[in-house]
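Text of the file my_file05.cif, holding mmCIF, C-alpha atoms:
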```cif
data_entry
#
loop_
_atom_site.label_atom_id
_atom_site.label_comp_id
_atom_site.auth_asym_id
_atom_site.auth_seq_id
_atom_site.Cartn_x
_atom_site.Cartn_y
_atom_site.Cartn_z
CA MET A 1 50.49 175.50 113.06
CA GLN A 2 46.74 175.71 112.74
CA ARG A 3 46.76 172.32 111.07
CA ALA A 4 48.90 170.81 113.84
CA ASP A 5 46.41 172.13 116.42
CA ALA A 6 43.52 170.59 114.53
CA VAL A 7 45.29 167.23 114.35
CA ARG A 8 46.06 167.38 118.07
CA ARG A 9 42.39 168.11 118.81
CA VAL A 10 41.38 165.06 116.82
CA GLU A 11 43.95 162.90 118.62
CA LEU A 12 42.63 164.01 122.01
CA LEU A 13 39.05 163.44 120.95
CA LEU A 14 39.92 159.91 119.81
CA SER A 15 41.76 159.27 123.05
CA ARG A 16 38.69 160.29 125.08
CA LEU A 17 36.47 158.11 122.90
CA LEU A 18 38.73 155.16 123.54
CA ARG A 19 38.86 155.81 127.28
CA ALA A 20 35.05 155.91 127.44
CA GLY A 21 34.84 152.60 125.57
CA VAL A 22 37.37 151.03 127.92
CA VAL A 23 35.61 152.21 131.09
CA VAL A 24 32.20 151.01 129.87
CA SER A 25 33.56 147.58 128.88
CA LEU A 26 35.46 147.19 132.17
CA LEU A 27 32.31 148.02 134.18
CA THR A 28 30.24 145.59 132.08
CA VAL A 29 32.79 142.76 132.52
CA VAL A 30 32.92 143.27 136.29
CA THR A 31 29.10 143.57 136.61
CA GLY A 32 28.76 140.25 134.78
CA LEU A 33 31.26 138.53 137.07
CA VAL A 34 29.51 139.89 140.19
CA MET A 35 26.13 138.70 138.82
CA SER A 36 27.54 135.20 138.20
CA PHE A 37 28.85 134.88 141.74
CA ALA A 38 25.66 136.32 143.25
CA ARG A 39 23.51 133.86 141.33
CA HIS A 40 25.64 130.78 142.02
CA PRO A 41 26.67 130.73 145.70
CA ASP A 42 28.51 127.42 145.08
CA TYR A 43 31.06 129.32 142.91
CA SER A 44 32.91 130.35 146.04
CA ARG A 45 32.90 126.83 147.52
CA SER A 46 32.71 124.12 144.91
CA VAL A 47 35.75 122.83 143.04
CA GLU A 48 33.59 121.00 140.48
CA ALA A 49 31.94 124.28 139.45
CA LEU A 50 35.23 125.53 138.03
CA GLU A 51 35.83 122.30 136.12
CA ARG A 52 32.37 122.64 134.61
CA LEU A 53 32.91 126.30 133.70
CA THR A 54 36.27 125.74 132.01
CA HIS A 55 35.65 122.35 130.43
CA PRO A 56 36.57 122.25 126.71
CA ASP A 57 33.09 120.95 125.84
CA THR A 58 31.19 123.71 127.63
CA ALA A 59 29.10 125.71 125.17
CA MET A 60 30.16 129.37 124.96
CA ALA A 61 28.26 132.32 123.51
CA ARG A 62 29.40 132.56 119.88
CA SER A 63 27.21 135.31 118.48
CA LEU A 64 25.51 138.54 119.49
CA GLY A 65 22.23 136.57 119.48
CA ASP A 66 23.60 134.15 122.09
CA VAL A 67 24.75 137.09 124.20
CA TRP A 68 21.38 138.91 124.07
CA ARG A 69 19.47 135.72 124.94
CA GLY A 70 21.82 135.13 127.87
CA ILE A 71 21.36 138.66 129.14
CA ALA A 72 17.57 138.33 128.86
CA GLU A 73 17.83 135.24 131.10
CA GLY A 74 19.86 137.29 133.57
CA ARG A 75 23.04 135.26 133.06
CA GLY A 76 26.14 137.04 134.38
CA GLN A 77 28.41 135.25 131.92
CA ALA A 78 26.48 136.78 129.01
CA VAL A 79 26.93 140.26 130.53
CA THR A 80 30.69 139.60 130.83
CA ALA A 81 30.74 138.39 127.21
CA LEU A 82 29.05 141.64 126.13
CA GLY A 83 31.75 143.61 127.97
CA LEU A 84 34.44 141.59 126.19
CA LEU A 85 32.81 142.27 122.81
CA LEU A 86 32.75 146.01 123.60
CA LEU A 87 36.46 145.80 124.43
CA ILE A 88 37.23 143.94 121.19
CA ALA A 89 35.35 146.62 119.26
CA THR A 90 37.30 149.59 120.70
CA PRO A 91 40.36 149.42 118.38
CA VAL A 92 38.12 148.92 115.33
CA VAL A 93 35.95 151.91 116.24
CA ARG A 94 39.17 153.81 116.83
CA VAL A 95 40.47 153.12 113.31
CA ALA A 96 37.09 153.89 111.74
CA ALA A 97 36.93 157.19 113.66
CA SER A 98 40.46 158.04 112.45
CA VAL A 99 39.38 157.61 108.82
CA VAL A 100 36.55 160.09 109.38
CA ALA A 101 38.83 162.47 111.30
CA TYR A 102 41.44 162.55 108.53
CA LEU A 103 38.72 163.11 105.92
CA VAL A 104 37.40 166.05 107.93
CA GLU A 105 40.96 167.42 108.17
CA ARG A 106 41.29 166.97 104.38
CA ASP A 107 44.44 164.94 105.04
CA TRP A 108 43.92 162.66 102.06
CA THR A 109 47.17 160.72 102.46
CA TYR A 110 46.29 159.52 105.93
CA ALA A 111 42.60 159.11 105.12
CA ILE A 112 43.72 156.58 102.50
CA ILE A 113 46.25 154.87 104.81
CA THR A 114 43.74 154.44 107.66
CA GLY A 115 41.10 153.40 105.12
CA ILE A 116 43.41 150.60 103.94
CA VAL A 117 43.99 149.51 107.56
CA LEU A 118 40.24 149.32 108.13
CA ALA A 119 39.76 147.31 104.92
CA LEU A 120 42.57 144.89 105.90
CA LEU A 121 40.91 144.39 109.30
CA VAL A 122 37.68 143.38 107.58
CA VAL A 123 39.57 141.05 105.18
CA SER A 124 41.46 139.24 107.95
CA PHE A 125 38.25 138.88 109.96
CA VAL A 126 36.48 137.30 106.97
CA ILE A 127 39.44 134.99 106.19
CA GLY A 128 39.55 133.84 109.82
CA LYS A 129 35.82 133.13 109.75
CA VAL A 130 36.14 130.92 106.68
CA GLU A 131 38.94 128.79 108.08
CA MET B 1 40.30 125.51 143.17
CA THR B 2 36.90 127.20 143.32
CA PRO B 3 35.73 129.64 140.65
CA LEU B 4 36.20 132.51 143.13
CA GLU B 5 39.85 131.62 143.79
CA PHE B 6 40.40 131.11 140.07
CA VAL B 7 38.95 134.52 139.15
CA ALA B 8 41.01 136.23 141.87
CA GLY B 9 44.22 134.47 140.79
CA VAL B 10 43.73 135.23 137.10
CA PHE B 11 42.95 138.87 137.93
CA GLY B 12 46.16 139.21 139.95
CA ILE B 13 48.42 137.75 137.28
CA SER B 14 46.70 139.84 134.60
CA LEU B 15 47.48 143.03 136.55
CA VAL B 16 51.20 142.22 136.22
CA ALA B 17 50.80 141.27 132.53
CA GLY B 18 49.08 144.61 131.88
CA VAL B 19 51.80 146.71 133.50
CA LEU B 20 54.60 144.87 131.68
CA GLY B 21 52.84 144.62 128.33
CA SER B 22 51.81 148.28 128.15
CA MET B 23 55.34 149.52 128.94
CA LEU B 24 57.04 147.24 126.40
CA GLY B 25 54.50 147.53 123.60
CA LEU B 26 53.72 143.80 123.67
CA GLY B 27 50.53 141.91 124.31
CA GLY B 28 50.22 140.32 127.72
CA GLY B 29 50.19 136.90 126.01
CA ILE B 30 53.74 136.15 126.97
CA VAL B 31 52.67 136.18 130.64
CA VAL B 32 49.02 135.14 130.34
CA VAL B 33 49.30 131.95 128.26
CA PRO B 34 51.96 130.15 130.33
CA ALA B 35 50.27 131.28 133.57
CA LEU B 36 46.85 129.98 132.55
CA THR B 37 48.04 126.67 131.11
CA LEU B 38 50.81 125.81 133.60
CA LEU B 39 49.53 127.40 136.83
CA PHE B 40 45.79 126.98 136.35
CA LYS B 41 45.93 123.85 134.11
CA LEU B 42 43.52 125.50 131.70
CA ASP B 43 42.67 124.17 128.23
CA ILE B 44 45.03 125.82 125.73
CA ARG B 45 42.18 127.10 123.54
CA TYR B 46 40.67 129.16 126.36
CA ALA B 47 44.15 130.36 127.34
CA VAL B 48 44.80 131.61 123.81
CA GLY B 49 41.31 133.18 123.67
CA ALA B 50 41.99 135.03 126.94
CA SER B 51 45.43 136.03 125.67
CA ILE B 52 44.06 137.69 122.53
CA VAL B 53 41.59 139.62 124.72
CA SER B 54 44.52 140.63 126.94
CA VAL B 55 46.37 142.06 123.92
CA ILE B 56 43.43 144.35 123.17
CA ALA B 57 43.06 145.26 126.85
CA THR B 58 46.77 146.15 127.05
CA SER B 59 46.50 148.31 123.98
CA SER B 60 43.23 150.07 124.81
CA GLY B 61 44.02 150.48 128.52
CA ALA B 62 47.25 152.35 127.79
CA ALA B 63 46.34 154.10 124.52
CA ALA B 64 44.46 157.05 126.02
CA SER B 65 47.44 158.02 128.20
CA TYR B 66 50.00 157.49 125.44
CA VAL B 67 48.10 159.65 122.97
CA ARG B 68 47.67 162.42 125.55
CA GLN B 69 51.38 162.30 126.43
CA HIS B 70 52.21 162.33 122.74
CA LEU B 71 54.18 159.09 123.13
CA SER B 72 52.26 157.13 120.46
CA ASN B 73 53.20 158.30 116.98
CA LEU B 74 49.83 157.71 115.32
CA ARG B 75 51.07 158.34 111.77
CA VAL B 76 53.86 155.78 112.14
CA ALA B 77 51.35 153.38 113.77
CA MET B 78 48.84 153.60 110.92
CA LEU B 79 51.53 153.37 108.23
CA LEU B 80 53.22 150.30 109.73
CA GLU B 81 49.81 148.77 110.49
CA VAL B 82 49.21 148.55 106.73
CA SER B 83 52.22 146.28 106.30
CA THR B 84 51.65 144.31 109.53
CA ALA B 85 48.05 143.54 108.61
CA THR B 86 49.12 142.53 105.09
CA GLY B 87 51.81 140.31 106.64
CA ALA B 88 49.30 138.69 109.00
CA ILE B 89 47.01 137.85 106.07
CA SER B 90 49.95 136.41 104.07
CA GLY B 91 50.96 134.45 107.16
CA ALA B 92 47.50 132.90 107.43
CA PHE B 93 47.79 131.72 103.82
CA LEU B 94 51.38 130.55 104.20
CA ALA B 95 50.47 128.54 107.31
CA GLY B 96 49.15 125.67 105.17
CA ILE B 97 52.24 125.55 102.95
CA LEU B 98 55.03 126.33 105.37
CA ALA B 99 53.85 124.58 108.53
CA GLY B 100 56.82 122.99 110.18
CA LYS B 101 58.79 123.08 113.34
CA TRP B 102 61.82 124.60 111.63
CA LEU B 103 59.80 127.82 111.28
CA TYR B 104 59.96 128.21 115.03
CA VAL B 105 63.70 127.68 114.91
CA ILE B 106 64.15 130.33 112.21
CA PHE B 107 62.03 132.93 113.96
CA ALA B 108 63.58 132.10 117.32
CA SER B 109 66.99 132.83 115.76
CA VAL B 110 65.70 136.12 114.31
CA MET B 111 64.46 137.16 117.75
CA ALA B 112 67.63 136.12 119.53
CA LEU B 113 69.70 138.13 117.03
CA THR B 114 67.38 141.14 117.45
CA GLY B 115 67.74 140.83 121.21
CA LEU B 116 71.52 140.79 120.90
CA ALA B 117 71.45 143.80 118.56
CA MET B 118 69.39 145.72 121.11
CA TRP B 119 71.76 144.63 123.85
CA ARG B 120 74.75 146.00 121.92
CA ASP B 121 72.80 149.20 121.35
CA LEU B 122 72.13 149.72 125.08
CA HIS B 123 75.02 152.12 125.51
CA HIS B 124 73.98 154.34 122.63
CA GLY B 125 70.65 155.19 124.22
CA ASP B 126 68.14 157.10 122.17
CA GLU B 127 70.56 159.45 120.43
CA PRO B 128 71.52 158.26 116.94
CA ALA B 129 75.16 157.10 116.77
CA ALA B 130 75.79 158.66 113.36
CA PRO B 131 74.33 161.79 111.76
CA VAL B 132 70.81 160.99 110.56
CA LYS B 133 70.51 160.59 106.81
CA PRO B 134 67.40 162.36 105.62
CA ASP B 135 64.50 160.13 104.61
CA ARG B 136 62.31 161.63 101.93
CA LEU B 137 59.47 159.18 102.56
CA ALA B 138 59.38 160.14 106.26
CA ASP B 139 59.39 163.85 105.29
CA ARG B 140 56.63 163.33 102.76
CA LEU B 141 54.49 161.42 105.30
CA ARG B 142 55.31 163.89 108.13
CA LEU B 143 56.43 161.12 110.48
CA HIS B 144 58.85 163.22 112.59
CA SER B 145 57.59 164.15 116.02
CA SER B 146 58.50 165.06 119.59
CA TYR B 147 57.45 164.16 123.13
CA TYR B 148 58.06 165.44 126.63
CA ASP B 149 60.24 163.09 128.69
CA PRO B 150 59.75 163.61 132.47
CA ALA B 151 62.73 161.33 133.21
CA LEU B 152 64.99 163.74 131.26
CA GLY B 153 62.99 166.82 132.14
CA ARG B 154 62.89 168.07 128.55
CA THR B 155 61.12 167.71 125.24
CA VAL B 156 62.78 165.22 122.90
CA GLU B 157 62.54 165.91 119.18
CA TYR B 158 63.12 162.96 116.89
CA ARG B 159 63.37 162.44 113.15
CA VAL B 160 62.21 159.17 111.61
CA ARG B 161 64.57 157.52 109.12
CA ARG B 162 64.67 154.33 107.00
CA THR B 163 60.87 154.16 106.77
CA TRP B 164 61.17 151.39 104.17
CA LEU B 165 63.08 149.19 106.65
CA GLY B 166 60.32 149.69 109.23
CA LEU B 167 57.73 148.69 106.65
CA ILE B 168 59.62 145.50 105.72
CA VAL B 169 60.18 144.39 109.32
CA SER B 170 56.54 145.15 110.19
CA TYR B 171 55.50 142.95 107.29
CA ILE B 172 57.70 140.12 108.63
CA ALA B 173 56.28 140.71 112.13
CA GLY B 174 52.80 140.34 110.64
CA ILE B 175 53.77 137.06 108.96
CA VAL B 176 55.16 135.74 112.25
CA SER B 177 51.92 136.44 114.11
CA GLY B 178 49.77 135.14 111.24
CA LEU B 179 51.85 131.98 110.96
CA LEU B 180 52.64 131.16 114.57
CA GLY B 181 49.98 133.17 116.40
CA VAL B 182 52.60 134.71 118.72
CA GLY B 183 55.63 136.92 118.78
CA GLY B 184 54.83 139.54 116.15
CA GLY B 185 54.71 142.40 118.64
CA VAL B 186 58.20 141.74 119.91
CA LEU B 187 59.73 142.52 116.50
CA LYS B 188 57.96 145.85 115.96
CA VAL B 189 59.72 147.72 118.74
CA PRO B 190 63.28 146.95 117.48
CA ALA B 191 62.04 147.80 113.95
CA MET B 192 61.18 151.29 115.19
CA THR B 193 64.22 151.84 117.43
CA LEU B 194 67.07 150.09 115.58
CA GLY B 195 65.51 150.53 112.16
CA MET B 196 63.71 153.87 112.14
CA GLY B 197 65.68 155.62 114.87
CA MET B 198 62.72 156.34 117.16
CA PRO B 199 63.27 156.80 120.92
CA ILE B 200 62.44 153.59 122.80
CA LYS B 201 59.45 154.98 124.71
CA THR B 202 57.76 156.28 121.56
CA ALA B 203 58.45 152.91 119.90
CA THR B 204 56.81 150.85 122.66
CA ALA B 205 53.86 153.27 122.90
CA THR B 206 53.37 153.17 119.12
CA SER B 207 53.63 149.37 119.06
CA ASN B 208 51.15 149.30 121.95
CA PHE B 209 48.63 151.11 119.76
CA MET B 210 49.22 148.75 116.81
CA ILE B 211 48.89 145.42 118.61
CA GLY B 212 45.30 146.20 119.62
CA VAL B 213 44.28 146.89 116.04
CA THR B 214 45.94 143.69 114.77
CA ALA B 215 44.40 141.57 117.53
CA ALA B 216 40.85 142.89 117.10
CA ALA B 217 40.15 140.92 113.91
CA SER B 218 41.48 137.65 115.38
CA ALA B 219 39.55 138.21 118.60
CA GLY B 220 36.28 138.43 116.67
CA VAL B 221 37.09 135.10 115.03
CA TYR B 222 38.02 133.43 118.34
CA PHE B 223 34.74 134.61 119.83
CA MET B 224 32.71 133.04 117.03
CA ARG B 225 34.58 129.77 117.45
CA GLY B 226 33.48 129.75 121.12
CA GLU B 227 37.03 129.98 122.42
CA ILE B 228 36.51 133.02 124.62
CA ASP B 229 35.32 131.78 128.03
CA PRO B 230 33.89 134.71 130.07
CA ILE B 231 35.01 133.23 133.40
CA VAL B 232 38.62 133.20 132.07
CA ALA B 233 38.72 136.17 129.70
CA GLY B 234 36.60 138.39 132.01
CA PRO B 235 39.06 138.59 134.93
CA THR B 236 41.95 138.66 132.44
CA ALA B 237 40.48 141.71 130.68
CA ALA B 238 39.71 143.49 133.97
CA GLY B 239 43.19 142.86 135.42
CA VAL B 240 45.06 143.78 132.25
CA LEU B 241 43.02 146.97 131.71
CA ILE B 242 43.83 148.23 135.21
CA GLY B 243 47.46 147.10 134.95
CA ALA B 244 47.92 148.73 131.54
CA THR B 245 46.48 152.03 132.77
CA ALA B 246 49.05 152.00 135.59
CA GLY B 247 51.86 150.94 133.23
CA ALA B 248 51.06 153.82 130.89
CA LYS B 249 51.47 156.27 133.79
CA LEU B 250 54.75 154.64 134.79
CA LEU B 251 56.49 154.45 131.39
CA PRO B 252 57.21 158.19 130.90
CA LYS B 253 58.95 158.34 134.28
CA LEU B 254 61.23 155.37 133.64
CA HIS B 255 64.68 155.84 132.18
CA SER B 256 64.93 154.63 128.59
CA LYS B 257 67.68 152.21 129.54
CA VAL B 258 65.39 150.33 131.97
CA VAL B 259 62.82 149.89 129.19
CA ARG B 260 65.54 148.64 126.84
CA VAL B 261 66.90 146.09 129.32
CA LEU B 262 63.37 144.77 130.00
CA LEU B 263 62.76 144.43 126.27
CA VAL B 264 66.02 142.55 125.68
CA VAL B 265 65.08 140.09 128.44
CA VAL B 266 61.62 139.52 126.93
CA LEU B 267 63.07 139.11 123.41
CA LEU B 268 65.57 136.49 124.53
CA TRP B 269 62.93 134.72 126.61
CA THR B 270 60.51 134.58 123.64
CA ALA B 271 63.34 133.28 121.45
CA TYR B 272 64.04 130.55 123.99
CA GLU B 273 60.36 129.58 124.22
CA MET B 274 60.01 129.41 120.42
CA MET B 275 63.22 127.42 120.07
CA ARG B 276 61.93 124.92 122.63
CA LYS B 277 58.71 124.48 120.64
CA GLY B 278 60.72 124.07 117.44
CA VAL B 279 63.07 121.49 118.87
CA GLY B 280 60.07 119.60 120.11
CA ASN B 281 60.13 119.52 123.90
CA GLY B 282 57.42 122.19 124.18
#
```

As structure tokens - that is how I would like this structure written.
Amino acid sequence: MQRADAVRRVELLLSRLLRAGVVVSLLTVVTGLVMSFARHPDYSRSVEALERLTHPDTAMARSLGDVWRGIAEGRGQAVTALGLLLLIATPVVRVAASVVAYLVERDWTYAIITGIVLALLVVSFVIGKVE
Amino acid sequence: MTPLEFVAGVFGISLVAGVLGSMLGLGGGIVVVPALTLLFKLDIRYAVGASIVSVIATSSGAAASYVRQHLSNLRVAMLLEVSTATGAISGAFLAGILAGKWLYVIFASVMALTGLAMWRDLHHGDEPAAPVKPDRLADRLRLHSSYYDPALGRTVEYRVRRTWLGLIVSYIAGIVSGLLGVGGGVLKVPAMTLGMGMPIKTATATSNFMIGVTAAASAGVYFMRGEIDPIVAGPTAAGVLIGATAGAKLLPKLHSKVVRVLLVVVLLWTAYEMMRKGVGNG
């Protein structure tokens, strides 16, 4: 029973961690969008602006470096991109935190299973990058 | 259309995608991709980039509620995630060898059959039809669990069976998403209900947790390829996150049968869409 309580505590802790990550990324995404519209008044009038923003040849931020530079220039789109990166990171952080939690609980079976999941995540990320 | 109208429209559709996706344990892609390409005439690459973000948003938006309500079975999720992730990696390798339209036809048939199997199972509900055969692997891995169902007004205890079948189907689901980029999530829920004997709500909530983990690696790759456009993915993420949070509050109150019917409809629809691509009109 004690063990079940401990596991439940860990689950609730992880759930709060995830919620915090989600709220922060949502706020960042929305702040970025508001900044974009505040900076470009034509976004609420011009039809061409949308074509420019969603054109296949438009350069997007592709790295953390791009995002930081964009934020330094006060670009709303870079702030939104940062929020999206935070969102993408939440499940990964979640799995990594589970590995630690199971280790602390001395639940070796699940420490190994979650460890494998984390390793497979890294592998598929690397394979995707190479392609 | 101005950027403001576009952002508002995408946000609205994403709200709906988030509610539906979080309740059924699927990414919002099934709603988001056709909406963005057909309704908003968006380039397919940005639509797919936004869709992968929506999968994570669906998962993360609902996960906190599902874990608190004890609907997600985290042990089952992590165990099946091992075989799904392995399947996705195999799928990426197989893509070069097996590429062909007949793949769509095969997987469309698998999904249609799964949909029909779930349809036939509608009358059984969550209670197993026959006495549950003990599963030593499930005992060993402590997969059995329980959750409180407000729609029934009582706590439902369930025992997981045929763990090996769940692992095999999850592996196939991984291959499908690695190979075709879509549709993997739809197979995981029947794997858990029909295969492992889990109640439908715990199956969708567990699948909901898994899809976010699977999508995270691909999303990182899409970002580095420059296929995630903030003006598209931003409102998608915001809408889906809010929709998924609402969907996660709604799911426990729904009757299991409603969830099952919705899932059958989505399965058959996905099968139809894949078949159309395979036959070549898509």

May I ask you to extract the residues of chain B within 8 Å of chain A, using all atoms listed in the file, and to give them as a CSV table (one decimal) with C-alpha atoms, in the coordinates of the input?
```csv
chain,number,residue,atom,x,y,z
B,1,MET,CA,40.3,125.5,143.2
B,2,THR,CA,36.9,127.2,143.3
B,3,PRO,CA,35.7,129.6,140.6
B,4,LEU,CA,36.2,132.5,143.1
B,5,GLU,CA,39.8,131.6,143.8
B,6,PHE,CA,40.4,131.1,140.1
B,42,LEU,CA,43.5,125.5,131.7
B,43,ASP,CA,42.7,124.2,128.2
B,46,TYR,CA,40.7,129.2,126.4
B,53,VAL,CA,41.6,139.6,124.7
B,56,ILE,CA,43.4,144.4,123.2
B,57,ALA,CA,43.1,145.3,126.8
B,60,SER,CA,43.2,150.1,124.8
B,61,GLY,CA,44.0,150.5,128.5
B,63,ALA,CA,46.3,154.1,124.5
B,64,ALA,CA,44.5,157.0,126.0
B,65,SER,CA,47.4,158.0,128.2
B,67,VAL,CA,48.1,159.6,123.0
B,68,ARG,CA,47.7,162.4,125.6
B,75,ARG,CA,51.1,158.3,111.8
B,78,MET,CA,48.8,153.6,110.9
B,79,LEU,CA,51.5,153.4,108.2
B,81,GLU,CA,49.8,148.8,110.5
B,82,VAL,CA,49.2,148.6,106.7
B,85,ALA,CA,48.0,143.5,108.6
B,86,THR,CA,49.1,142.5,105.1
B,88,ALA,CA,49.3,138.7,109.0
B,89,ILE,CA,47.0,137.8,106.1
B,141,LEU,CA,54.5,161.4,105.3
B,212,GLY,CA,45.3,146.2,119.6
B,213,VAL,CA,44.3,146.9,116.0
B,214,THR,CA,45.9,143.7,114.8
B,216,ALA,CA,40.8,142.9,117.1
B,217,ALA,CA,40.2,140.9,113.9
B,218,SER,CA,41.5,137.6,115.4
B,219,ALA,CA,39.6,138.2,118.6
B,220,GLY,CA,36.3,138.4,116.7
B,221,VAL,CA,37.1,135.1,115.0
B,223,PHE,CA,34.7,134.6,119.8
B,224,MET,CA,32.7,133.0,117.0
B,225,ARG,CA,34.6,129.8,117.4
B,226,GLY,CA,33.5,129.8,121.1
B,227,GLU,CA,37.0,130.0,122.4
B,228,ILE,CA,36.5,133.0,124.6
B,229,ASP,CA,35.3,131.8,128.0
B,230,PRO,CA,33.9,134.7,130.1
B,231,ILE,CA,35.0,133.2,133.4
B,232,VAL,CA,38.6,133.2,132.1
B,233,ALA,CA,38.7,136.2,129.7
B,234,GLY,CA,36.6,138.4,132.0
B,235,PRO,CA,39.1,138.6,134.9
B,237,ALA,CA,40.5,141.7,130.7
B,238,ALA,CA,39.7,143.5,134.0
B,241,LEU,CA,43.0,147.0,131.7
```

Open item on the list: Which residues would end up in the selection if the PyMOL selection byres ((chain B and resi 40) around 9) were applied here, given that I need the answer as a PyMOL selection string?
Closed with: chain B and resi 1+6+9-10+35-39+41-42

Open item on the list: For a quick check of understanding, using all atoms listed in the file, which of B:Arg276, B:Arg161, B:His70, B:Arg140 has the smallest distance to Lys201 of chain B?
Closed with: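 Going through B:Arg276, B:Arg161, B:His70, B:Arg140 one by one, the smallest distance to Lys201 of chain B is for B:His70.
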
Spell out the residues picked by the PyMOL selection byres ((chain B and resi 252) around 7) here, as an mmCIF file with C-alpha atoms, in the coordinates of the input.
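The result, stored in expr-v6.cif:
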```cif
data_model
loop_
_atom_site.group_PDB
_atom_site.id
_atom_site.type_symbol
_atom_site.label_atom_id
_atom_site.label_comp_id
_atom_site.auth_asym_id
_atom_site.auth_seq_id
_atom_site.Cartn_x
_atom_site.Cartn_y
_atom_site.Cartn_z
ATOM 1 C CA ASP B 149 60.240 163.090 128.690
ATOM 2 C CA PRO B 150 59.750 163.610 132.470
ATOM 3 C CA ALA B 151 62.730 161.330 133.210
ATOM 4 C CA LYS B 249 51.470 156.270 133.790
ATOM 5 C CA LEU B 250 54.750 154.640 134.790
ATOM 6 C CA LEU B 251 56.490 154.450 131.390
ATOM 7 C CA LYS B 253 58.950 158.340 134.280
ATOM 8 C CA LEU B 254 61.230 155.370 133.640
#
```

Open item on the list: Using only C-alpha atoms, which protein or nucleic acid residues come within 7 Å of segment 260-264 of chain B? Drop anything in the same chain fewer than 2 positions from it, and give the result as a list in words.
Closed with: Leu24, Gly115, Met118, Trp119, Leu122, Ser256, Lys257, Val258, Val266, Leu267 and Leu268 of chain B

For those residues, write C-alpha atoms to a file as a compact mmCIF listing (two decimals), in the frame of the given file.
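Contents of again.txt, freshly written:
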```txt
# COMPACT_ATOMS: atom_id res chain seq x y z
CA LEU B 24 57.04 147.24 126.40
CA GLY B 115 67.74 140.83 121.21
CA MET B 118 69.39 145.72 121.11
CA TRP B 119 71.76 144.63 123.85
CA LEU B 122 72.13 149.72 125.08
CA SER B 256 64.93 154.63 128.59
CA LYS B 257 67.68 152.21 129.54
CA VAL B 258 65.39 150.33 131.97
CA VAL B 266 61.62 139.52 126.93
CA LEU B 267 63.07 139.11 123.41
CA LEU B 268 65.57 136.49 124.53
```

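Straight-line separation from atom CA of Ala112 of chain B to atom CA of Thr270 of chain B: 8.4 Å.
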
Open item on the list: When the PyMOL selection byres ((chain B and resi 175) around 9) is applied to the structure above, which residues does it catch, written out as a list in words?
Closed with: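 On this input, the PyMOL selection byres ((chain B and resi 175) around 9) captures Thr84, Ala85, Thr86, Gly87, Ala88, Ile89, Ser90, Gly91, Ala92, Leu94, Ser170, Tyr171, Ile172, Ala173, Gly174, Val176, Ser177, Gly178, Leu179, Leu180 and Gly184 of chain B.
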
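Straight-line separation from atom CA of Arg9 of chain A to atom CA of Gly195 of chain B: 29.8 Å.
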
TODO: Grab the atom CA of Ala203 of chain B to atom CA of Val189 of chain B distance for me, in Å with one decimal place.
DONE: 5.5 Å
